[in-house]
$ cat run.pdb   # PDB, C-alpha atoms, pLDDT in the B column
ATOM      1  CA  MET A   1       0.000   0.000   0.000  1.00 47.00           C
ATOM      2  CA  GLY A   2       1.334   3.428  -0.923  1.00 63.00           C
ATOM      3  CA  ASN A   3       1.791   6.561   1.081  1.00 71.00           C
ATOM      4  CA  TRP A   4      -1.226   8.861   1.306  1.00 75.00           C
ATOM      5  CA  GLY A   5       0.409  11.194   3.812  1.00 80.00           C
ATOM      6  CA  GLY A   6       2.775  14.059   3.543  1.00 86.00           C
ATOM      7  CA  MET A   7       6.013  15.515   4.753  1.00 90.00           C
ATOM      8  CA  ALA A   8       7.524  18.868   5.557  1.00 89.00           C
ATOM      9  CA  VAL A   9      11.189  19.849   5.348  1.00 92.00           C
ATOM     10  CA  ALA A  10      12.505  23.005   7.007  1.00 91.00           C
ATOM     11  CA  HIS A  11      15.615  24.591   8.420  1.00 89.00           C
ATOM     12  CA  ALA A  12      14.616  23.981  12.034  1.00 89.00           C
ATOM     13  CA  THR A  13      15.347  21.475  14.756  1.00 88.00           C
ATOM     14  CA  VAL A  14      13.285  18.295  14.794  1.00 87.00           C
ATOM     15  CA  ALA A  15      11.561  19.426  18.012  1.00 88.00           C
ATOM     16  CA  GLU A  16      10.729  22.849  16.543  1.00 88.00           C
ATOM     17  CA  LEU A  17       9.430  21.416  13.286  1.00 86.00           C
ATOM     18  CA  ARG A  18       7.276  18.856  15.131  1.00 85.00           C
ATOM     19  CA  GLU A  19       5.782  21.643  17.253  1.00 86.00           C
ATOM     20  CA  PHE A  20       5.252  23.976  14.301  1.00 83.00           C
ATOM     21  CA  ALA A  21       3.729  21.216  12.155  1.00 80.00           C
ATOM     22  CA  ALA A  22       1.283  20.339  14.941  1.00 80.00           C
ATOM     23  CA  GLU A  23       0.312  24.020  15.232  1.00 79.00           C
ATOM     24  CA  ALA A  24      -0.281  24.095  11.442  1.00 74.00           C
ATOM     25  CA  GLY A  25      -2.700  21.179  11.753  1.00 74.00           C
ATOM     26  CA  CYS A  26      -0.387  18.333  10.744  1.00 74.00           C
ATOM     27  CA  ALA A  27      -0.652  15.232  12.937  1.00 72.00           C
ATOM     28  CA  VAL A  28       3.041  14.318  13.008  1.00 72.00           C
ATOM     29  CA  GLY A  29       3.917  10.653  12.597  1.00 77.00           C
ATOM     30  CA  HIS A  30       7.699  10.442  12.612  1.00 81.00           C
ATOM     31  CA  ASP A  31      10.549  12.861  12.130  1.00 85.00           C
ATOM     32  CA  GLU A  32      14.140  12.938  10.948  1.00 87.00           C
ATOM     33  CA  ASP A  33      17.195  15.122  11.411  1.00 88.00           C
ATOM     34  CA  LEU A  34      18.601  15.681   7.924  1.00 87.00           C
ATOM     35  CA  GLY A  35      21.771  17.378   9.154  1.00 85.00           C
ATOM     36  CA  GLY A  36      22.950  20.888   8.488  1.00 87.00           C
ATOM     37  CA  GLY A  37      20.099  22.267  10.595  1.00 89.00           C
ATOM     38  CA  TRP A  38      17.431  20.707   8.339  1.00 92.00           C
ATOM     39  CA  SER A  39      14.674  18.430   9.603  1.00 91.00           C
ATOM     40  CA  ALA A  40      11.753  16.512   8.143  1.00 91.00           C
ATOM     41  CA  VAL A  41       8.454  15.465   9.654  1.00 88.00           C
ATOM     42  CA  HIS A  42       6.086  12.941   8.120  1.00 87.00           C
ATOM     43  CA  TYR A  43       2.371  12.936   8.789  1.00 82.00           C
ATOM     44  CA  PRO A  44      -0.711  11.019   7.688  1.00 78.00           C
ATOM     45  CA  ASP A  45      -2.605  14.069   6.429  1.00 72.00           C
ATOM     46  CA  GLN A  46      -1.609  17.524   5.200  1.00 66.00           C
ATOM     47  CA  PRO A  47      -3.859  20.554   5.419  1.00 64.00           C
ATOM     48  CA  ASP A  48      -3.870  23.040   2.541  1.00 72.00           C
ATOM     49  CA  GLY A  49      -1.471  25.914   3.028  1.00 76.00           C
ATOM     50  CA  ALA A  50       0.798  23.988   5.405  1.00 81.00           C
ATOM     51  CA  ALA A  51       4.000  25.246   3.727  1.00 87.00           C
ATOM     52  CA  ALA A  52       3.086  28.912   4.112  1.00 88.00           C
ATOM     53  CA  ALA A  53       1.915  28.403   7.705  1.00 84.00           C
ATOM     54  CA  LEU A  54       5.114  26.570   8.585  1.00 86.00           C
ATOM     55  CA  ALA A  55       7.315  29.170   6.857  1.00 90.00           C
ATOM     56  CA  ARG A  56       5.646  31.939   8.857  1.00 88.00           C
ATOM     57  CA  ARG A  57       6.086  29.961  12.058  1.00 85.00           C
ATOM     58  CA  THR A  58       9.688  28.809  11.483  1.00 85.00           C
ATOM     59  CA  GLY A  59      10.896  32.022   9.869  1.00 89.00           C
ATOM     60  CA  ALA A  60      12.613  29.810   7.283  1.00 89.00           C
ATOM     61  CA  PRO A  61      11.887  28.304   3.878  1.00 93.00           C
ATOM     62  CA  VAL A  62       9.662  25.206   4.079  1.00 93.00           C
ATOM     63  CA  LEU A  63       8.892  22.544   1.494  1.00 95.00           C
ATOM     64  CA  THR A  64       5.948  20.179   1.854  1.00 93.00           C
ATOM     65  CA  VAL A  65       4.908  17.217  -0.255  1.00 94.00           C
ATOM     66  CA  ALA A  66       1.512  15.520  -0.124  1.00 92.00           C
ATOM     67  CA  TYR A  67       1.461  12.035  -1.633  1.00 93.00           C
ATOM     68  CA  LEU A  68      -1.254  10.336  -3.634  1.00 93.00           C
ATOM     69  CA  ASP A  69      -0.685   6.634  -2.906  1.00 91.00           C
ATOM     70  CA  SER A  70       3.077   7.128  -3.445  1.00 92.00           C
ATOM     71  CA  ASP A  71       2.251   7.606  -7.134  1.00 96.00           C
ATOM     72  CA  VAL A  72       2.168  11.398  -7.296  1.00 97.00           C
ATOM     73  CA  GLY A  73       3.641  14.126  -5.110  1.00 96.00           C
ATOM     74  CA  PHE A  74       2.137  17.586  -4.749  1.00 96.00           C
ATOM     75  CA  VAL A  75       4.921  19.972  -3.746  1.00 97.00           C
ATOM     76  CA  GLU A  76       4.204  23.268  -2.045  1.00 95.00           C
ATOM     77  CA  ALA A  77       7.035  25.480  -0.856  1.00 96.00           C
ATOM     78  CA  ALA A  78       7.150  28.857   0.831  1.00 95.00           C
ATOM     79  CA  THR A  79       9.583  31.316   2.325  1.00 92.00           C
ATOM     80  CA  PHE A  80       9.131  33.547   5.329  1.00 89.00           C
ATOM     81  CA  ALA A  81       9.159  36.566   2.993  1.00 90.00           C
ATOM     82  CA  GLY A  82       6.115  35.224   1.173  1.00 88.00           C
ATOM     83  CA  GLY A  83       7.662  33.546  -1.864  1.00 91.00           C
ATOM     84  CA  ARG A  84       5.694  30.461  -2.922  1.00 94.00           C
ATOM     85  CA  TRP A  85       5.844  27.800  -5.582  1.00 96.00           C
ATOM     86  CA  LYS A  86       4.093  24.551  -6.381  1.00 96.00           C
ATOM     87  CA  ALA A  87       5.102  21.525  -8.394  1.00 98.00           C
ATOM     88  CA  LEU A  88       3.912  18.088  -9.326  1.00 97.00           C
ATOM     89  CA  LEU A  89       6.101  14.996  -9.035  1.00 98.00           C
ATOM     90  CA  ASN A  90       5.601  12.029 -11.364  1.00 97.00           C
ATOM     91  CA  ARG A  91       3.768  13.937 -14.075  1.00 96.00           C
ATOM     92  CA  ARG A  92       3.165  10.910 -16.324  1.00 95.00           C
ATOM     93  CA  THR A  93       1.523   9.029 -13.498  1.00 96.00           C
ATOM     94  CA  ALA A  94      -0.458  12.154 -12.589  1.00 97.00           C
ATOM     95  CA  GLN A  95      -1.914  12.137 -16.104  1.00 95.00           C
ATOM     96  CA  ASP A  96      -3.098   8.560 -15.498  1.00 95.00           C
ATOM     97  CA  TYR A  97      -5.020   9.962 -12.515  1.00 95.00           C
ATOM     98  CA  GLU A  98      -6.373  12.695 -14.842  1.00 96.00           C
ATOM     99  CA  ILE A  99      -4.648  15.394 -12.795  1.00 97.00           C
ATOM    100  CA  PRO A 100      -4.330  18.516 -14.978  1.00 96.00           C
ATOM    101  CA  VAL A 101      -0.541  18.760 -15.138  1.00 96.00           C
ATOM    102  CA  ASP A 102      -0.773  22.091 -16.963  1.00 96.00           C
ATOM    103  CA  ARG A 103      -1.707  23.635 -13.604  1.00 96.00           C
ATOM    104  CA  PHE A 104       1.853  22.868 -12.484  1.00 97.00           C
ATOM    105  CA  PRO A 105       4.146  24.512 -15.066  1.00 98.00           C
ATOM    106  CA  VAL A 106       7.698  23.225 -14.804  1.00 98.00           C
ATOM    107  CA  GLU A 107       9.392  26.538 -15.647  1.00 98.00           C
ATOM    108  CA  ALA A 108       7.469  28.420 -12.944  1.00 97.00           C
ATOM    109  CA  ALA A 109       8.297  25.700 -10.417  1.00 98.00           C
ATOM    110  CA  LEU A 110      11.965  25.764 -11.427  1.00 98.00           C
ATOM    111  CA  ALA A 111      12.159  29.544 -10.970  1.00 97.00           C
ATOM    112  CA  GLY A 112      10.393  29.301  -7.616  1.00 97.00           C
ATOM    113  CA  ALA A 113      12.652  26.448  -6.507  1.00 97.00           C
ATOM    114  CA  LEU A 114      15.782  28.427  -7.335  1.00 97.00           C
ATOM    115  CA  ASP A 115      14.486  31.448  -5.402  1.00 96.00           C
ATOM    116  CA  TRP A 116      13.524  29.166  -2.491  1.00 96.00           C
ATOM    117  CA  ALA A 117      16.992  27.616  -2.384  1.00 96.00           C
ATOM    118  CA  ALA A 118      18.636  31.047  -2.486  1.00 95.00           C
ATOM    119  CA  ALA A 119      16.427  32.233   0.383  1.00 94.00           C
ATOM    120  CA  ALA A 120      17.493  29.126   2.314  1.00 93.00           C
ATOM    121  CA  GLY A 121      21.168  29.849   1.663  1.00 93.00           C
ATOM    122  CA  LEU A 122      21.503  26.673  -0.397  1.00 94.00           C
ATOM    123  CA  THR A 123      23.316  26.012  -3.648  1.00 94.00           C
ATOM    124  CA  ALA A 124      20.800  24.516  -6.045  1.00 97.00           C
ATOM    125  CA  ASP A 125      21.354  22.466  -9.189  1.00 97.00           C
ATOM    126  CA  PRO A 126      18.894  23.770 -11.828  1.00 98.00           C
ATOM    127  CA  ASP A 127      19.339  20.717 -14.078  1.00 98.00           C
ATOM    128  CA  GLY A 128      18.756  18.402 -11.127  1.00 98.00           C
ATOM    129  CA  ILE A 129      15.631  20.297 -10.126  1.00 98.00           C
ATOM    130  CA  ARG A 130      14.280  20.100 -13.674  1.00 98.00           C
ATOM    131  CA  ALA A 131      15.056  16.367 -13.796  1.00 98.00           C
ATOM    132  CA  ALA A 132      13.153  15.781 -10.546  1.00 98.00           C
ATOM    133  CA  LEU A 133      10.191  17.867 -11.720  1.00 98.00           C
ATOM    134  CA  THR A 134       9.952  16.087 -15.071  1.00 97.00           C
ATOM    135  CA  GLY A 135      11.186  12.634 -14.086  1.00 96.00           C
ATOM    136  CA  SER A 136       9.295   9.431 -13.542  1.00 95.00           C
ATOM    137  CA  GLU A 137       9.820   6.914 -10.743  1.00 96.00           C
ATOM    138  CA  ALA A 138       7.886   4.003  -9.284  1.00 94.00           C
ATOM    139  CA  PHE A 139       7.469   6.022  -6.071  1.00 94.00           C
ATOM    140  CA  ALA A 140       6.998   9.787  -5.851  1.00 95.00           C
ATOM    141  CA  GLU A 141       9.103   9.742  -2.675  1.00 94.00           C
ATOM    142  CA  ASP A 142      12.140   8.921  -4.820  1.00 95.00           C
ATOM    143  CA  LEU A 143      11.531  12.089  -6.829  1.00 97.00           C
ATOM    144  CA  THR A 144      11.179  14.010  -3.567  1.00 95.00           C
ATOM    145  CA  ASP A 145      14.645  12.805  -2.555  1.00 94.00           C
ATOM    146  CA  ARG A 146      16.036  13.871  -5.942  1.00 96.00           C
ATOM    147  CA  LEU A 147      14.351  17.271  -5.664  1.00 97.00           C
ATOM    148  CA  LEU A 148      15.669  17.875  -2.154  1.00 95.00           C
ATOM    149  CA  GLY A 149      19.175  16.915  -3.228  1.00 94.00           C
ATOM    150  CA  ALA A 150      19.001  19.257  -6.224  1.00 97.00           C
ATOM    151  CA  LEU A 151      17.778  22.056  -3.952  1.00 96.00           C
ATOM    152  CA  GLY A 152      20.838  21.545  -1.748  1.00 94.00           C
ATOM    153  CA  VAL A 153      19.183  19.703   1.158  1.00 93.00           C
ATOM    154  CA  ASP A 154      20.791  16.314   1.845  1.00 78.00           C
ATOM    155  CA  PRO A 155      17.922  13.822   1.567  1.00 68.00           C
ATOM    156  CA  THR A 156      20.028  10.754   2.436  1.00 66.00           C
ATOM    157  CA  ALA A 157      18.702  10.737   6.001  1.00 53.00           C
ATOM    158  CA  LEU A 158      15.131  10.365   4.801  1.00 59.00           C
ATOM    159  CA  GLY A 159      13.792   6.934   5.633  1.00 52.00           C
ATOM    160  CA  GLY A 160      11.177   7.147   2.906  1.00 43.00           C
ATOM    161  CA  GLU A 161       7.589   6.041   2.965  1.00 39.00           C
ATOM    162  CA  SER A 162       7.625   4.088  -0.285  1.00 35.00           C
ATOM    163  CA  ALA A 163       5.122   1.289  -0.720  1.00 31.00           C
TER
END

$ encode --input "run.pdb" --output "structure tokens"
Amino acid sequence: MGNWGGMAVAHATVAELREFAAEAGCAVGHDEDLGGGWSAVHYPDQPDGAAAALARRTGAPVLTVAYLDSDVGFVEAATFAGGRWKALLNRRTAQDYEIPVDRFPVEAALAGALDWAAAAGLTADPDGIRAALTGSEAFAEDLTDRLLGALGVDPTALGGESA
């Protein structure tokens, strides 16, 4: 059975991110320290607008992903200053679900991702970001790992929620 939950990644301690996620309405399942001051929390359900709420609360850039049975990932990212972007992971699979992929333009997401990474003080890889946004994997979580790595966040600590 796939993952129907979500995750949030932010430059905050695990304890802070757990607290902030709970305040934003996310029932936190488990968490991970990603190193470099970055943490991730995983939860069974993600309310709309969680990235913006968490960015306001943490004072740092936040990236969230909501999963559709591990097949598709809906990315929402925000900065404390109000910058926002959205993306879709596993676009081909999303089309099988009849999700209108044109509502998630790759170029807009790429520009937003680069701005997000700069606001986070990270060195991003534009080609890697594009590859994650346009790539196809058996599990959307794998594309999340690729996206985080391309943004400059080390995703190797993520335990993953695949299958």

$ resolve_selection --input "run.pdb" --expression "the PyMOL selection byres ((chain A and resi 21) around 10)" --output "PyMOL selection string"
chain A and resi 7-8+15-20+22-28+41-43+46+50-51+53-54+57-58

$ resolve_selection --input "run.pdb" --expression "the PyMOL selection byres ((chain A and resi 106) around 9)" --output "MDAnalysis selection string"
chainID A and resid 87:88 102 104:105 107:111 130 133:134

$ residues_around --input "run.pdb" --residues "A:Val153" --least-positions-apart "6" --cutoff "9 Å" --atoms "all atoms listed in the file" --output "list in words"
Leu34, Gly35, Gly36, Trp38, Ala117, Leu122, Thr123, Ala124 and Leu147 of chain A

$ residues_around --input "run.pdb" --residues "A:Ser136" --least-positions-apart "2" --cutoff "10 Å" --atoms "only C-alpha atoms" --output "VMD selection string"
chain A and resid 71 to 72 89 to 93 131 to 134 138 to 140 142 to 143

$ write_last_selection --input "run.pdb" --atoms "C-alpha atoms" --output "short mmCIF file (atom, residue, chain, number, x, y, z; two decimals), in the coordinates of the input"
data_model
loop_
_atom_site.label_atom_id
_atom_site.label_comp_id
_atom_site.auth_asym_id
_atom_site.auth_seq_id
_atom_site.Cartn_x
_atom_site.Cartn_y
_atom_site.Cartn_z
CA ASP A 71 2.25 7.61 -7.13
CA VAL A 72 2.17 11.40 -7.30
CA LEU A 89 6.10 15.00 -9.04
CA ASN A 90 5.60 12.03 -11.36
CA ARG A 91 3.77 13.94 -14.08
CA ARG A 92 3.16 10.91 -16.32
CA THR A 93 1.52 9.03 -13.50
CA ALA A 131 15.06 16.37 -13.80
CA ALA A 132 13.15 15.78 -10.55
CA LEU A 133 10.19 17.87 -11.72
CA THR A 134 9.95 16.09 -15.07
CA ALA A 138 7.89 4.00 -9.28
CA PHE A 139 7.47 6.02 -6.07
CA ALA A 140 7.00 9.79 -5.85
CA ASP A 142 12.14 8.92 -4.82
CA LEU A 143 11.53 12.09 -6.83
#

$ closest_residue --input "run.pdb" --among "A:Ser39, A:Thr13, A:Asn3, A:Gln95" --to "A:Asp69" --atoms "only C-alpha atoms"
A:Asn3

$ atom_distance --input "run.pdb" --atom1 "atom CA of A:Leu114" --atom2 "atom CA of A:Val75"
14.2 Å

$ closest_residue --input "run.pdb" --among "A:Gly112, A:Leu148, A:Ile99, A:Ala12" --to "A:Val65" --atoms "all atoms listed in the file"
A:Leu148

$ residues_around --input "run.pdb" --residues "A:Gly83" --least-positions-apart "4" --cutoff "9 Å" --atoms "only C-alpha atoms" --output "ChimeraX atom specification"
/A:52,61,77-79,112,115-116

$ residues_around --input "run.pdb" --residues "A:Ala150" --least-positions-apart "4" --cutoff "6 Å" --atoms "all atoms listed in the file" --output "PyMOL selection string"
chain A and resi 124-125+128-129

$ atom_distance --input "run.pdb" --atom1 "atom CA of A:Val9" --atom2 "atom CA of A:Gly121"
14.6 Å

$ build_atoms --input "run.pdb" --residues "stretch 10-21 of chain A" --atoms "all heavy atoms" --output "mmCIF file, in the frame of the given file"
data_model
loop_
_atom_site.group_PDB
_atom_site.id
_atom_site.type_symbol
_atom_site.label_atom_id
_atom_site.label_comp_id
_atom_site.auth_asym_id
_atom_site.auth_seq_id
_atom_site.Cartn_x
_atom_site.Cartn_y
_atom_site.Cartn_z
ATOM 1 N N ALA A 10 12.221 21.607 6.669
ATOM 2 C CA ALA A 10 12.505 23.005 7.007
ATOM 3 C C ALA A 10 13.847 23.107 7.709
ATOM 4 O O ALA A 10 14.344 22.138 8.284
ATOM 5 C CB ALA A 10 11.420 23.574 7.912
ATOM 6 N N HIS A 11 14.395 24.305 7.674
ATOM 7 C CA HIS A 11 15.615 24.591 8.420
ATOM 8 C C HIS A 11 15.191 24.926 9.845
ATOM 9 O O HIS A 11 14.948 26.083 10.190
ATOM 10 C CB HIS A 11 16.382 25.755 7.783
ATOM 11 C CG HIS A 11 17.786 25.849 8.269
ATOM 12 N ND1 HIS A 11 18.144 26.671 9.288
ATOM 13 C CD2 HIS A 11 18.895 25.180 7.885
ATOM 14 C CE1 HIS A 11 19.437 26.531 9.516
ATOM 15 N NE2 HIS A 11 19.909 25.626 8.663
ATOM 16 N N ALA A 12 15.048 23.874 10.636
ATOM 17 C CA ALA A 12 14.616 23.981 12.034
ATOM 18 C C ALA A 12 15.026 22.690 12.722
ATOM 19 O O ALA A 12 15.285 21.689 12.051
ATOM 20 C CB ALA A 12 13.091 24.156 12.116
ATOM 21 N N THR A 13 15.064 22.716 14.041
ATOM 22 C CA THR A 13 15.347 21.475 14.756
ATOM 23 C C THR A 13 14.144 20.547 14.616
ATOM 24 O O THR A 13 13.027 20.991 14.321
ATOM 25 C CB THR A 13 15.621 21.721 16.245
ATOM 26 O OG1 THR A 13 14.413 22.156 16.869
ATOM 27 C CG2 THR A 13 16.740 22.739 16.455
ATOM 28 N N VAL A 14 14.375 19.264 14.852
ATOM 29 C CA VAL A 14 13.285 18.295 14.794
ATOM 30 C C VAL A 14 12.182 18.687 15.766
ATOM 31 O O VAL A 14 10.995 18.683 15.413
ATOM 32 C CB VAL A 14 13.803 16.868 15.087
ATOM 33 C CG1 VAL A 14 12.659 15.905 15.316
ATOM 34 C CG2 VAL A 14 14.687 16.372 13.946
ATOM 35 N N ALA A 15 12.568 19.062 17.000
ATOM 36 C CA ALA A 15 11.561 19.426 18.012
ATOM 37 C C ALA A 15 10.757 20.640 17.564
ATOM 38 O O ALA A 15 9.527 20.660 17.705
ATOM 39 C CB ALA A 15 12.229 19.685 19.358
ATOM 40 N N GLU A 16 11.436 21.656 17.017
ATOM 41 C CA GLU A 16 10.729 22.849 16.543
ATOM 42 C C GLU A 16 9.776 22.502 15.407
ATOM 43 O O GLU A 16 8.623 22.930 15.403
ATOM 44 C CB GLU A 16 11.728 23.897 16.050
ATOM 45 C CG GLU A 16 12.532 24.556 17.136
ATOM 46 C CD GLU A 16 13.658 25.415 16.569
ATOM 47 O OE1 GLU A 16 14.155 25.141 15.451
ATOM 48 O OE2 GLU A 16 14.046 26.365 17.263
ATOM 49 N N LEU A 17 10.266 21.734 14.440
ATOM 50 C CA LEU A 17 9.430 21.416 13.286
ATOM 51 C C LEU A 17 8.228 20.570 13.700
ATOM 52 O O LEU A 17 7.128 20.777 13.199
ATOM 53 C CB LEU A 17 10.245 20.713 12.202
ATOM 54 C CG LEU A 17 9.537 20.499 10.870
ATOM 55 C CD1 LEU A 17 8.962 21.797 10.307
ATOM 56 C CD2 LEU A 17 10.496 19.857 9.863
ATOM 57 N N ARG A 18 8.418 19.642 14.622
ATOM 58 C CA ARG A 18 7.276 18.856 15.131
ATOM 59 C C ARG A 18 6.234 19.790 15.756
ATOM 60 O O ARG A 18 5.039 19.670 15.489
ATOM 61 C CB ARG A 18 7.732 17.845 16.186
ATOM 62 C CG ARG A 18 8.358 16.605 15.640
ATOM 63 C CD ARG A 18 8.678 15.605 16.755
ATOM 64 N NE ARG A 18 7.482 15.014 17.317
ATOM 65 C CZ ARG A 18 6.813 14.000 16.796
ATOM 66 N NH1 ARG A 18 7.224 13.468 15.668
ATOM 67 N NH2 ARG A 18 5.749 13.509 17.371
ATOM 68 N N GLU A 19 6.694 20.706 16.585
ATOM 69 C CA GLU A 19 5.782 21.643 17.253
ATOM 70 C C GLU A 19 5.072 22.529 16.234
ATOM 71 O O GLU A 19 3.853 22.697 16.275
ATOM 72 C CB GLU A 19 6.560 22.511 18.242
ATOM 73 C CG GLU A 19 5.728 23.563 18.935
ATOM 74 C CD GLU A 19 6.565 24.481 19.812
ATOM 75 O OE1 GLU A 19 7.622 24.062 20.300
ATOM 76 O OE2 GLU A 19 6.137 25.638 19.998
ATOM 77 N N PHE A 20 5.829 23.086 15.296
ATOM 78 C CA PHE A 20 5.252 23.976 14.301
ATOM 79 C C PHE A 20 4.270 23.241 13.401
ATOM 80 O O PHE A 20 3.224 23.768 13.037
ATOM 81 C CB PHE A 20 6.348 24.625 13.454
ATOM 82 C CG PHE A 20 7.348 25.432 14.241
ATOM 83 C CD1 PHE A 20 8.632 25.610 13.761
ATOM 84 C CD2 PHE A 20 7.024 26.018 15.459
ATOM 85 C CE1 PHE A 20 9.563 26.355 14.462
ATOM 86 C CE2 PHE A 20 7.948 26.762 16.168
ATOM 87 C CZ PHE A 20 9.223 26.929 15.668
ATOM 88 N N ALA A 21 4.623 22.008 13.010
ATOM 89 C CA ALA A 21 3.729 21.216 12.155
ATOM 90 C C ALA A 21 2.424 20.923 12.885
ATOM 91 O O ALA A 21 1.347 21.012 12.288
ATOM 92 C CB ALA A 21 4.418 19.924 11.724
#
